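Okay, target38.tsv is below, TSV, C-alpha atoms:
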```tsv
chain	number	residue	atom	x	y	z
A	1023	MET	CA	-13.00	4.74	-1.89
A	1024	LYS	CA	-16.34	6.40	-1.98
A	1025	LEU	CA	-18.14	8.58	-4.54
A	1026	THR	CA	-17.80	11.70	-2.42
A	1027	SER	CA	-14.06	11.08	-2.14
A	1028	ILE	CA	-13.47	10.91	-5.88
A	1029	LEU	CA	-15.59	13.99	-6.54
A	1030	LEU	CA	-13.69	15.80	-3.81
A	1031	ALA	CA	-10.41	14.73	-5.32
A	1032	LEU	CA	-11.37	15.95	-8.76
A	1033	ALA	CA	-12.54	19.24	-7.32
A	1034	VAL	CA	-9.18	20.02	-5.78
A	1035	SER	CA	-7.01	18.41	-8.48
A	1036	ALA	CA	-5.36	16.03	-6.09
A	1037	SER	CA	-5.31	12.32	-5.36
A	1038	PRO	CA	-8.53	10.60	-4.28
A	1039	LEU	CA	-8.95	10.34	-0.54
A	1040	SER	CA	-8.83	6.59	-0.24
A	1041	GLN	CA	-7.84	3.33	-1.86
A	1042	ALA	CA	-4.08	3.45	-1.79
A	1043	ALA	CA	-1.92	1.16	-3.84
A	1044	PRO	CA	-0.80	-2.14	-2.32
A	1045	ALA	CA	1.88	-1.93	0.31
A	1046	LYS	CA	4.67	-3.05	-1.94
A	1047	LYS	CA	7.78	-1.16	-2.90
A	1048	PRO	CA	6.51	1.59	-5.19
A	1049	GLY	CA	9.78	2.47	-6.91
A	1050	LYS	CA	9.97	6.04	-8.14
A	1051	LYS	CA	6.32	6.69	-8.92
A	1052	THR	CA	5.09	10.08	-7.87
A	1053	ALA	CA	3.21	10.28	-4.62
A	1054	HIS	CA	0.73	12.65	-6.23
A	1055	ALA	CA	-0.46	10.06	-8.74
A	1056	LYS	CA	-4.06	8.87	-8.70
A	1057	ALA	CA	-4.45	6.61	-5.70
A	1058	LYS	CA	-5.29	2.97	-6.31
A	1059	PRO	CA	-7.29	0.43	-4.33
A	1060	ALA	CA	-5.35	-1.35	-1.62
A	1061	ARG	CA	-5.28	-2.24	2.06
A	1062	LYS	CA	-5.28	-5.79	0.89
A	1063	ALA	CA	-3.71	-9.16	1.40
A	1064	ALA	CA	-1.42	-10.58	-1.26
A	1065	ALA	CA	-3.22	-10.83	-4.58
A	1066	VAL	CA	-4.47	-14.28	-5.52
A	1067	ALA	CA	-2.50	-15.77	-8.39
A	1068	VAL	CA	-4.54	-16.16	-11.58
A	1069	PRO	CA	-3.43	-18.67	-14.23
A	1070	ALA	CA	-2.33	-17.14	-17.52
A	1071	ALA	CA	-5.21	-18.70	-19.45
A	1072	ALA	CA	-7.78	-17.24	-17.07
A	1073	ALA	CA	-6.07	-13.86	-17.17
A	1074	ALA	CA	-6.17	-13.87	-20.96
A	1075	ALA	CA	-9.83	-14.86	-20.96
A	1076	ALA	CA	-10.61	-12.08	-18.51
A	1077	GLY	CA	-9.35	-9.58	-21.03
A	1078	THR	CA	-12.11	-10.66	-23.41
A	1079	ALA	CA	-14.88	-10.64	-20.81
A	1080	ALA	CA	-15.78	-7.12	-21.82
A	1081	GLN	CA	-14.35	-4.24	-23.71
A	1082	ALA	CA	-14.34	-0.91	-21.90
A	1083	GLY	CA	-17.85	0.44	-21.64
A	1084	ASP	CA	-19.64	-2.84	-22.42
A	1085	ALA	CA	-22.10	-4.20	-19.87
A	1086	VAL	CA	-21.46	-7.76	-18.73
A	1087	VAL	CA	-23.80	-10.60	-17.92
A	1088	PHE	CA	-21.45	-12.30	-15.53
A	1089	SER	CA	-23.17	-15.68	-15.58
A	1090	GLU	CA	-22.52	-15.87	-19.35
A	1091	SER	CA	-18.86	-14.91	-19.17
A	1092	GLU	CA	-16.27	-17.64	-19.79
A	1093	ALA	CA	-13.74	-15.68	-17.74
A	1094	VAL	CA	-16.11	-15.42	-14.77
A	1095	ASN	CA	-16.92	-19.11	-14.93
A	1096	ALA	CA	-13.23	-20.00	-15.10
A	1097	PHE	CA	-12.69	-17.80	-12.05
A	1098	ALA	CA	-15.55	-19.56	-10.23
A	1099	ASP	CA	-13.99	-22.95	-11.01
A	1100	GLU	CA	-10.72	-21.83	-9.43
A	1101	VAL	CA	-12.39	-20.34	-6.36
A	1102	ALA	CA	-14.46	-23.46	-5.81
A	1103	LEU	CA	-11.34	-25.62	-6.06
A	1104	ARG	CA	-9.19	-23.45	-3.81
A	1105	HIS	CA	-11.73	-22.81	-1.06
A	1106	GLY	CA	-14.23	-25.64	-1.28
A	1107	PHE	CA	-17.20	-23.49	-2.30
A	1108	PRO	CA	-20.00	-25.62	-3.80
A	1109	ARG	CA	-19.97	-24.78	-7.51
A	1110	ALA	CA	-23.77	-24.64	-7.70
A	1111	GLU	CA	-23.86	-22.07	-4.92
A	1112	LEU	CA	-21.34	-19.93	-6.78
A	1113	ASP	CA	-23.45	-20.18	-9.94
A	1114	LYS	CA	-26.51	-19.00	-8.02
A	1115	LEU	CA	-24.54	-16.11	-6.55
A	1116	ILE	CA	-22.98	-15.07	-9.85
A	1117	ALA	CA	-26.43	-14.93	-11.44
A	1118	GLN	CA	-27.32	-12.18	-8.96
A	1119	ILE	CA	-24.21	-10.03	-9.45
A	1120	ARG	CA	-24.76	-6.94	-11.58
A	1121	TYR	CA	-22.49	-4.80	-13.74
A	1122	ILE	CA	-22.02	-1.29	-12.27
A	1123	ASP	CA	-21.10	1.27	-14.90
A	1124	THR	CA	-20.61	3.95	-12.22
A	1125	ALA	CA	-17.62	1.99	-10.89
A	1126	VAL	CA	-16.11	1.81	-14.38
A	1127	GLN	CA	-16.52	5.55	-14.91
A	1128	LEU	CA	-15.08	6.47	-11.54
A	1129	VAL	CA	-11.88	4.45	-11.86
A	1130	LYS	CA	-10.98	6.18	-15.10
A	1131	PRO	CA	-8.05	8.62	-14.79
A	1132	ALA	CA	-8.98	12.14	-13.80
A	1133	PRO	CA	-8.87	14.71	-16.62
A	1134	LYS	CA	-5.47	16.27	-17.10
A	1135	GLY	CA	-4.74	19.94	-17.15
A	1136	LYS	CA	-5.62	21.22	-13.70
A	1137	PRO	CA	-2.50	21.46	-11.51
A	1138	LYS	CA	-2.43	19.75	-8.13
A	1139	ASN	CA	-2.83	22.13	-5.21
A	1140	TRP	CA	-2.11	21.13	-1.63
A	1141	GLN	CA	-3.63	24.26	-0.10
A	1142	ASN	CA	-6.93	23.71	-1.93
A	1143	TYR	CA	-6.93	20.03	-1.00
A	1144	SER	CA	-6.25	20.74	2.66
A	1145	ARG	CA	-9.00	23.36	2.84
A	1146	VAL	CA	-11.49	20.73	1.67
A	1147	THR	CA	-10.31	17.93	3.97
A	1148	ILE	CA	-9.43	19.84	7.13
A	1149	GLU	CA	-12.70	21.65	7.62
A	1150	PRO	CA	-15.23	22.32	10.40
A	1151	ILE	CA	-17.55	19.36	9.75
A	1152	ARG	CA	-14.75	16.82	10.00
A	1153	ILE	CA	-13.19	18.59	12.97
A	1154	ARG	CA	-16.44	18.70	14.95
A	1155	ALA	CA	-17.27	15.11	14.06
A	1156	GLY	CA	-13.73	14.10	15.00
A	1157	VAL	CA	-13.98	15.72	18.43
A	1158	ALA	CA	-17.27	13.91	19.06
A	1159	PHE	CA	-15.81	10.59	17.85
A	1160	TRP	CA	-12.72	10.99	20.04
A	1161	ASN	CA	-14.79	11.92	23.09
A	1162	GLN	CA	-17.09	8.95	22.58
A	1163	HIS	CA	-14.25	6.46	22.08
A	1164	ALA	CA	-11.51	8.03	24.20
A	1165	ALA	CA	-10.85	4.89	26.23
A	1166	VAL	CA	-10.56	2.68	23.13
A	1167	LEU	CA	-8.29	5.16	21.37
A	1168	ALA	CA	-6.09	5.33	24.47
A	1169	ARG	CA	-5.93	1.51	24.54
A	1170	ALA	CA	-4.97	1.34	20.86
A	1171	GLN	CA	-2.31	3.99	21.37
A	1172	ALA	CA	-0.85	2.08	24.31
A	1173	GLU	CA	-0.96	-1.33	22.61
A	1174	TYR	CA	0.07	-0.38	19.08
A	1175	GLY	CA	1.99	2.84	19.62
A	1176	VAL	CA	-0.14	4.74	17.06
A	1177	PRO	CA	-1.31	8.12	18.41
A	1178	ALA	CA	-5.05	8.55	18.79
A	1179	GLU	CA	-4.99	11.63	16.56
A	1180	ILE	CA	-3.61	9.61	13.62
A	1181	ILE	CA	-6.32	6.95	13.96
A	1182	VAL	CA	-8.97	9.66	14.27
A	1183	GLY	CA	-7.48	11.51	11.29
A	1184	ILE	CA	-7.64	8.47	9.02
A	1185	ILE	CA	-11.22	7.55	9.87
A	1186	GLY	CA	-12.22	11.19	9.47
A	1187	VAL	CA	-10.64	11.59	6.05
A	1188	GLU	CA	-11.96	8.24	4.85
A	1189	THR	CA	-15.63	8.34	5.85
A	1190	ILE	CA	-16.24	11.22	8.29
A	1191	TYR	CA	-16.53	8.63	11.08
A	1192	GLY	CA	-18.85	6.27	9.26
A	1193	ARG	CA	-21.13	8.84	7.61
A	1194	GLN	CA	-19.98	8.00	4.08
A	1195	THR	CA	-19.02	4.32	3.82
A	1196	GLY	CA	-20.57	3.66	0.41
A	1197	ARG	CA	-23.81	2.06	-0.77
A	1198	PHE	CA	-22.60	-0.18	-3.58
A	1199	ARG	CA	-22.87	-3.93	-3.26
A	1200	VAL	CA	-19.27	-5.02	-2.86
A	1201	LEU	CA	-19.58	-8.08	-5.10
A	1202	ASP	CA	-21.13	-6.00	-7.89
A	1203	VAL	CA	-18.32	-3.47	-8.07
A	1204	LEU	CA	-15.52	-5.98	-7.55
A	1205	ALA	CA	-16.87	-8.23	-10.32
A	1206	THR	CA	-17.32	-5.22	-12.60
A	1207	LEU	CA	-13.74	-4.04	-12.09
A	1208	ALA	CA	-12.35	-7.58	-12.21
A	1209	PHE	CA	-13.90	-8.39	-15.58
A	1210	ALA	CA	-14.80	-5.05	-17.21
A	1211	TYR	CA	-12.09	-2.62	-16.15
A	1212	PRO	CA	-11.82	0.34	-18.56
A	1213	GLU	CA	-8.98	0.65	-21.04
A	1214	ALA	CA	-5.83	1.83	-19.28
A	1215	PRO	CA	-2.09	1.07	-19.43
A	1216	ASN	CA	-2.35	-0.96	-16.21
A	1217	ARG	CA	-5.67	-2.64	-17.06
A	1218	ALA	CA	-4.42	-6.23	-16.76
A	1219	ALA	CA	-2.82	-5.58	-13.37
A	1220	ARG	CA	-5.91	-3.81	-12.04
A	1221	MET	CA	-8.21	-6.60	-13.21
A	1222	ALA	CA	-5.98	-9.16	-11.50
A	1223	PHE	CA	-6.08	-7.08	-8.33
A	1224	PHE	CA	-9.87	-6.92	-8.33
A	1225	ARG	CA	-10.19	-10.62	-9.10
A	1226	GLY	CA	-8.13	-11.24	-5.99
A	1227	GLU	CA	-10.37	-8.93	-3.98
A	1228	LEU	CA	-13.51	-10.59	-5.34
A	1229	GLU	CA	-12.16	-13.90	-4.11
A	1230	ASN	CA	-11.26	-12.31	-0.77
A	1231	ALA	CA	-14.78	-10.93	-0.46
A	1232	LEU	CA	-16.28	-14.39	-0.89
A	1233	VAL	CA	-13.93	-15.82	1.73
A	1234	LEU	CA	-14.65	-12.91	4.09
A	1235	ALA	CA	-18.41	-13.37	3.78
A	1236	ARG	CA	-18.14	-17.07	4.57
A	1237	LYS	CA	-15.79	-16.45	7.49
A	1238	SER	CA	-18.13	-13.76	8.84
A	1239	ASN	CA	-21.21	-15.95	8.24
A	1240	ILE	CA	-23.01	-13.25	6.26
A	1241	ASP	CA	-24.75	-13.10	2.90
A	1242	PRO	CA	-22.04	-11.94	0.46
A	1243	LEU	CA	-24.58	-9.78	-1.34
A	1244	SER	CA	-25.29	-7.90	1.89
A	1245	MET	CA	-21.81	-6.36	1.98
A	1246	LEU	CA	-21.92	-2.68	1.03
A	1247	GLY	CA	-19.00	-0.40	0.32
A	1248	SER	CA	-17.37	2.11	-1.99
A	1249	PHE	CA	-17.38	2.02	-5.79
A	1250	ALA	CA	-14.06	0.15	-5.58
A	1251	GLY	CA	-15.21	-2.37	-2.96
A	1252	ALA	CA	-13.77	-0.81	0.20
A	1253	ILE	CA	-15.67	-1.57	3.39
A	1254	GLY	CA	-16.62	0.21	6.58
A	1255	MET	CA	-15.42	3.21	8.56
A	1256	PRO	CA	-11.74	2.75	7.63
A	1257	GLN	CA	-12.47	1.68	4.01
A	1258	PHE	CA	-10.56	-1.60	4.00
A	1259	MET	CA	-10.55	-3.78	0.92
A	1260	PRO	CA	-11.80	-7.33	1.70
A	1261	GLY	CA	-8.25	-8.72	1.69
A	1262	SER	CA	-7.20	-6.13	4.22
A	1263	VAL	CA	-10.09	-7.06	6.50
A	1264	LEU	CA	-8.82	-10.64	6.38
A	1265	ALA	CA	-5.16	-9.67	6.85
A	1266	TYR	CA	-5.27	-6.70	9.21
A	1267	GLY	CA	-8.77	-6.53	10.70
A	1268	VAL	CA	-9.02	-6.82	14.49
A	1269	ASP	CA	-11.91	-7.93	16.68
A	1270	TYR	CA	-11.07	-5.12	19.06
A	1271	ASP	CA	-14.38	-5.23	20.93
A	1272	ASN	CA	-13.88	-8.99	21.52
A	1273	ASN	CA	-17.37	-9.99	20.44
A	1274	GLY	CA	-16.23	-12.80	18.17
A	1275	SER	CA	-16.40	-10.99	14.82
A	1276	ILE	CA	-14.68	-8.20	12.91
A	1277	ASP	CA	-17.24	-5.55	11.94
A	1278	LEU	CA	-15.76	-2.48	10.31
A	1279	ARG	CA	-19.17	-1.22	9.25
A	1280	GLY	CA	-20.91	-1.19	12.62
A	1281	SER	CA	-18.16	-1.25	15.25
A	1282	ALA	CA	-16.07	1.87	15.73
A	1283	VAL	CA	-14.03	-0.13	18.23
A	1284	ASP	CA	-13.04	-2.69	15.59
A	1285	ALA	CA	-12.31	0.13	13.14
A	1286	ILE	CA	-9.95	1.81	15.63
A	1287	GLY	CA	-8.05	-1.39	16.35
A	1288	SER	CA	-7.87	-2.34	12.69
A	1289	VAL	CA	-6.44	1.03	11.58
A	1290	ALA	CA	-3.75	0.76	14.25
A	1291	SER	CA	-3.05	-2.84	13.24
A	1292	PHE	CA	-2.70	-1.88	9.58
A	1293	LEU	CA	-0.24	0.93	10.30
A	1294	VAL	CA	1.96	-1.21	12.55
A	1295	GLN	CA	2.10	-3.95	9.93
A	1296	HIS	CA	3.09	-1.38	7.32
A	1297	GLY	CA	6.05	0.16	9.06
A	1298	TRP	CA	4.75	2.31	11.90
A	1299	GLN	CA	7.57	2.77	14.45
A	1300	ALA	CA	6.06	3.01	17.93
A	1301	LYS	CA	9.38	4.10	19.45
A	1302	GLN	CA	9.94	6.89	16.96
A	1303	ALA	CA	9.29	10.07	18.94
A	1304	GLY	CA	8.67	13.56	17.64
A	1305	PRO	CA	6.69	14.96	14.70
A	1306	LEU	CA	5.90	12.85	11.66
A	1307	VAL	CA	7.03	15.63	9.32
A	1308	TYR	CA	9.18	18.74	9.67
A	1309	PRO	CA	8.96	22.00	7.71
A	1310	ALA	CA	11.68	22.25	5.10
A	1311	GLY	CA	13.33	24.84	2.92
A	1312	VAL	CA	15.30	24.08	-0.24
A	1313	SER	CA	18.23	25.82	-1.92
A	1314	ASP	CA	18.13	27.52	-5.32
A	1315	ASP	CA	20.70	25.16	-6.88
A	1316	ARG	CA	18.17	22.30	-6.82
A	1317	THR	CA	20.74	19.62	-5.96
A	1318	TRP	CA	18.15	18.32	-3.48
A	1319	GLU	CA	15.82	17.21	-6.29
A	1320	ARG	CA	17.46	13.78	-6.30
A	1321	PHE	CA	15.72	13.08	-2.97
A	1322	LEU	CA	12.23	13.47	-4.46
A	1323	ASN	CA	10.18	10.49	-5.65
A	1324	GLN	CA	12.52	7.94	-4.13
A	1325	GLY	CA	9.76	5.58	-3.02
A	1326	LEU	CA	7.52	5.75	0.01
A	1327	ALA	CA	10.23	5.20	2.59
A	1328	ALA	CA	12.63	7.19	4.76
A	1329	LYS	CA	16.06	6.53	3.25
A	1330	PHE	CA	18.32	9.50	3.92
A	1331	GLY	CA	20.28	10.89	6.85
A	1332	ALA	CA	19.82	14.43	8.15
A	1333	GLU	CA	23.36	15.43	7.17
A	1334	GLU	CA	22.89	14.03	3.68
A	1335	LEU	CA	19.80	16.18	3.18
A	1336	ARG	CA	21.44	19.24	4.68
A	1337	ALA	CA	24.52	18.89	2.45
A	1338	SER	CA	22.28	18.97	-0.63
A	1339	GLY	CA	20.46	22.16	0.32
A	1340	VAL	CA	17.53	20.93	2.43
A	1341	SER	CA	17.11	23.00	5.58
A	1342	THR	CA	14.77	23.08	8.58
A	1343	SER	CA	14.42	25.18	11.70
A	1344	ALA	CA	13.69	22.03	13.72
A	1345	VAL	CA	16.26	19.81	15.38
A	1346	LEU	CA	16.06	16.45	13.65
A	1347	PRO	CA	16.49	13.34	15.81
A	1348	ALA	CA	19.89	11.70	15.56
A	1349	ASN	CA	20.30	8.23	14.03
A	1350	GLN	CA	17.03	8.44	12.10
A	1351	ARG	CA	16.28	8.28	8.39
A	1352	PHE	CA	14.14	10.77	6.47
A	1353	GLY	CA	12.65	11.51	3.09
A	1354	LEU	CA	11.93	14.74	1.24
A	1355	ILE	CA	8.37	15.30	0.05
A	1356	ASP	CA	6.89	18.02	-2.14
A	1357	LEU	CA	3.42	19.55	-1.87
A	1358	PRO	CA	2.64	21.46	-5.10
A	1359	ASN	CA	0.33	24.47	-4.90
A	1360	GLY	CA	-0.56	25.01	-8.54
A	1361	ALA	CA	0.96	28.25	-9.76
A	1362	ASP	CA	1.99	29.19	-6.21
A	1363	THR	CA	5.14	28.11	-4.39
A	1364	THR	CA	5.56	24.40	-3.74
A	1365	GLU	CA	5.91	23.43	-0.09
A	1366	TYR	CA	8.40	20.86	1.18
A	1367	ARG	CA	8.57	18.65	4.25
A	1368	ILE	CA	11.12	16.30	5.74
A	1369	ALA	CA	9.22	13.07	6.39
A	1370	THR	CA	9.79	10.20	8.82
A	1371	ASP	CA	9.11	6.46	8.72
A	1372	ASN	CA	5.74	7.03	10.34
A	1373	PHE	CA	4.70	9.52	7.69
A	1374	PHE	CA	5.47	6.92	5.05
A	1375	ALA	CA	3.53	4.28	6.99
A	1376	ILE	CA	0.43	6.43	6.42
A	1377	THR	CA	1.19	6.54	2.69
A	1378	GLN	CA	0.85	2.74	2.66
A	1379	TYR	CA	-2.80	3.36	3.51
A	1380	ASN	CA	-3.07	5.69	0.53
A	1381	ARG	CA	-0.12	6.30	-1.75
A	1382	SER	CA	-0.35	10.07	-1.68
A	1383	TYR	CA	1.58	12.77	0.15
A	1384	PHE	CA	-1.55	14.91	0.15
A	1385	TYR	CA	-3.51	12.14	1.84
A	1386	ALA	CA	-0.91	11.55	4.56
A	1387	MET	CA	-0.54	15.25	5.26
A	1388	SER	CA	-4.33	15.67	5.49
A	1389	VAL	CA	-4.53	12.80	8.01
A	1390	ILE	CA	-1.81	14.39	10.13
A	1391	GLU	CA	-3.24	17.90	10.01
A	1392	LEU	CA	-6.86	16.82	10.53
A	1393	GLY	CA	-5.85	14.74	13.54
A	1394	ARG	CA	-3.86	17.63	14.94
A	1395	ALA	CA	-6.72	20.09	14.41
A	1396	ILE	CA	-9.11	17.73	16.20
A	1397	ARG	CA	-6.71	17.27	19.11
A	1398	LEU	CA	-6.21	21.01	19.51
A	1399	ASN	CA	-9.93	21.75	19.17
A	1400	ARG	CA	-10.76	19.04	21.70
A	1401	SER	CA	-8.36	20.50	24.22
A	1402	GLY	CA	-9.48	24.07	23.61
A	1403	GLN	CA	-6.23	25.16	22.00
A	1404	PRO	CA	-6.18	27.52	19.00
A	1405	LEU	CA	-5.63	25.90	15.60
A	1406	ALA	CA	-2.89	28.45	14.88
A	1407	SER	CA	-0.61	26.67	17.36
A	1408	ALA	CA	3.04	27.02	16.41
A	1409	GLU	CA	3.92	23.39	17.20
A	1410	THR	CA	5.91	21.68	14.47
A	1411	LEU	CA	4.09	19.64	11.86
```

As structure tokens - that is how I would like this structure written.
Amino acid sequence: MKLTSILLALAVSASPLSQAAPAKKPGKKTAHAKAKPARKAAAVAVPAAAAAAAGTAAQAGDAVVFSESEAVNAFADEVALRHGFPRAELDKLIAQIRYIDTAVQLVKPAPKGKPKNWQNYSRVTIEPIRIRAGVAFWNQHAAVLARAQAEYGVPAEIIVGIIGVETIYGRQTGRFRVLDVLATLAFAYPEAPNRAARMAFFRGELENALVLARKSNIDPLSMLGSFAGAIGMPQFMPGSVLAYGVDYDNNGSIDLRGSAVDAIGSVASFLVQHGWQAKQAGPLVYPAGVSDDRTWERFLNQGLAAKFGAEELRASGVSTSAVLPANQRFGLIDLPNGADTTEYRIATDNFFAITQYNRSYFYAMSVIELGRAIRLNRSGQPLASAETL
């Protein structure tokens, strides 16, 4: 996630634009909750003693001298043992890592009180600058996008939509040193109910960043990214680069900062490995109406997956003017509009695959609508097209 994303999110009272939670079963948590860093490989296990020590590395708001932290040094011992890093080299590196208070401030929960508003959020994300930049990006990389669509089954407009929402096609990838922010959040995360889990997550990503730098043969301190450690045009966490990154330009390395081709292939790879169904035809979401008796509420917040049949939804008061594909599962999503009427959609597996990139209905809808707007603009069609979303 980047600074502009979090400020944008706060401005429209919605989820931040990037850093979704890990692609694990989310249970019944709301899809409008604050998004959390993800696009990662499985978190590295941390022994209980090290985890306990990490909790004393710093209280919220305290600066940390990482080279003097027992928790950091215990972490370095483990990393050296697991991956064969020379301990002296890790000591030298740790001495150069700096505490970043900006990262601590920006991961704190957004102030409560302002209602979430999909229409405001969409006006900020689906706007002329992103649309024009998206048309230019698509025109420049049309052949690569077509190849990714053919090989992965992910439409070009979805790939373009994600990269546009994340970084406006590489314009806003972040200027923080990745090791600085990951170490800060791994050992000085602010007080929060999920503090221990978040610190464990960032310790795993700090380890992944070290492995990634060695694998890529680059100086680990040269890696730049968002305030949460996300890298490049698609804002992958280091573990996600290792797990889902693709050398799509076949030059021998994965470069999500400088290669739009690698970014395109990696986004498609991520979606396919998180549930994208290439053979699932039709829209990703359908407009929905709901009955006054509210029996349909049981379908809300049932995890980020399509679980219900069309007849099951219809019998509980969910309606749509569209013809839903037979033998397919769906979910019901809500898009609050503050004091105005909440909107509803019937969502497919592929919609929920996008939410594995960022655990937010607003995010997934903005990707879909931005991609659609770019496609229509590129082909000269009016944005008021009546095609189903």

Handout entry: A:Ser1291, A:Gln1403, A:Thr1147, A:Asn1272 ranked by distance to A:Ala1170, top pick (using only C-alpha atoms)
Key =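 Closest to A:Ala1170, using only C-alpha atoms: A:Ser1291.
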
Practice task
Quote the spacing between atom CA of A:Leu1346 and atom CA of A:Phe1373 in Å to one decimal place.
Solution key: 14.6 Å

Practice task
Compare A:Ala1375, A:Val1187, A:Val1200, A:Leu1207 by their minimum atom-to-atom distance to A:Gln1295, counting all atoms listed in the file, and give me the closest one.
Solution key: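 Comparing A:Ala1375, A:Val1187, A:Val1200, A:Leu1207 against A:Gln1295, the winner is A:Ala1375.
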
Exercise for the section: Give me, please, the distance in Å between atom CA of A:Leu1246 and atom CA of A:Asn1230, quoted to one decimal. Expected result: 14.5 Å

Exercise for the section: List the neighbours of A:Ile1253 out to 12 Å using only C-alpha atoms; skip same-chain residues closer than 5 positions along the sequence, and give me the result as a PyMOL selection string. Expected result: chain A and resi 1023-1024+1040-1041+1059-1062+1188-1189+1192+1194-1201+1203-1204+1227+1231+1234+1244-1248+1258-1264+1267+1276-1280+1285

Exercise for the section: Mind giving me the straight-line distance from atom CA of A:Ala1290 to atom CA of A:Ala1178 in Å, one decimal? Expected result: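 Between atom CA of A:Ala1290 and atom CA of A:Ala1178 the gap works out to 9.1 Å.
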
Practice task
Quick one: everything within 12 Å of A:Asp1123, counting only C-alpha atoms, minus sequence neighbours fewer than 5 positions away in the same chain. Send it as a ChimeraX atom specification.
Solution key: /A:1082-1086,1128-1130,1198,1202-1207,1210-1212,1249-1250

Handout entry: Nearest candidate to A:Glu1365 (options A:Asn1139, A:Ser1281, A:Ala1386, A:Phe1097; using only C-alpha atoms)
Key =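 Nearest candidate to A:Glu1365 out of A:Asn1139, A:Ser1281, A:Ala1386, A:Phe1097: A:Asn1139.
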
Problem - Contacts of A:Arg1320 at 12 Å (all atoms listed in the file; same-chain gap of 6+ positions) as a ChimeraX atom specification - result: /A:1050,1330,1334-1335,1338-1340,1353-1355

Practice task
Determine the nearest neighbour of A:Leu1232 from the options A:Trp1298, A:Phe1107, A:Tyr1266, A:Tyr1121, counting only C-alpha atoms.
Solution key: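 The closest residue to A:Leu1232 is A:Phe1107.
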
Fill in the blank from the handout: Residue with the minimum atom-to-atom distance to A:Thr1377, picked from A:Leu1326, A:Val1307, A:Ala1265, A:Ala1332 with only C-alpha atoms counted, is A:Leu1326

Practice task
May I have the protein, DNA and RNA residues with an atom at most 9 Å from (1.1, 16.3, 5.0), counting all atoms listed in the file in the file's coordinates, returned as a list of chain:residue names?
Solution key: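 Returned residue set, sorted by chain then number, is A:Trp1140, A:Ser1144, A:Leu1306, A:Val1307, A:Ile1355, A:Leu1357, A:Arg1367, A:Ala1369, A:Phe1373, A:Tyr1383, A:Phe1384, A:Tyr1385, A:Ala1386, A:Met1387, A:Ser1388, A:Val1389, A:Ile1390, A:Glu1391, A:Leu1411.
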
Handout entry: Nearest candidate to A:Arg1154 (options A:Ala1214, A:Val1126, A:Val1094, A:Ile1190; using all atoms listed in the file)
Key =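 Of A:Ala1214, A:Val1126, A:Val1094, A:Ile1190, the one nearest A:Arg1154 is A:Ile1190, counting all atoms listed in the file.
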
Practice task
Please identify all polymer residues within 8 Å of A:Gly1156, counting only C-alpha atoms, omitting same-chain residues fewer than 5 positions from it, and present them as a ChimeraX atom specification.
Solution key: /A:1182-1183,1186,1190-1191,1396

Find the smallest box with edges along x, y and z containing every listed atom of stretch 1270-1286 of chain A, then add 3 Å on each side and report centre and edge lengths in Å to one decimal, as JSON.
```
{"center_x": -15.4, "center_y": -5.5, "center_z": 15.4, "size_x": 17.0, "size_y": 20.7, "size_z": 18.3}
```

Problem - Residue contacts of A:Val1289 (8 Å, only C-alpha atoms) excluding same-chain residues fewer than 5 positions away, as a ChimeraX atom specification - result: /A:1181,1184,1256,1267
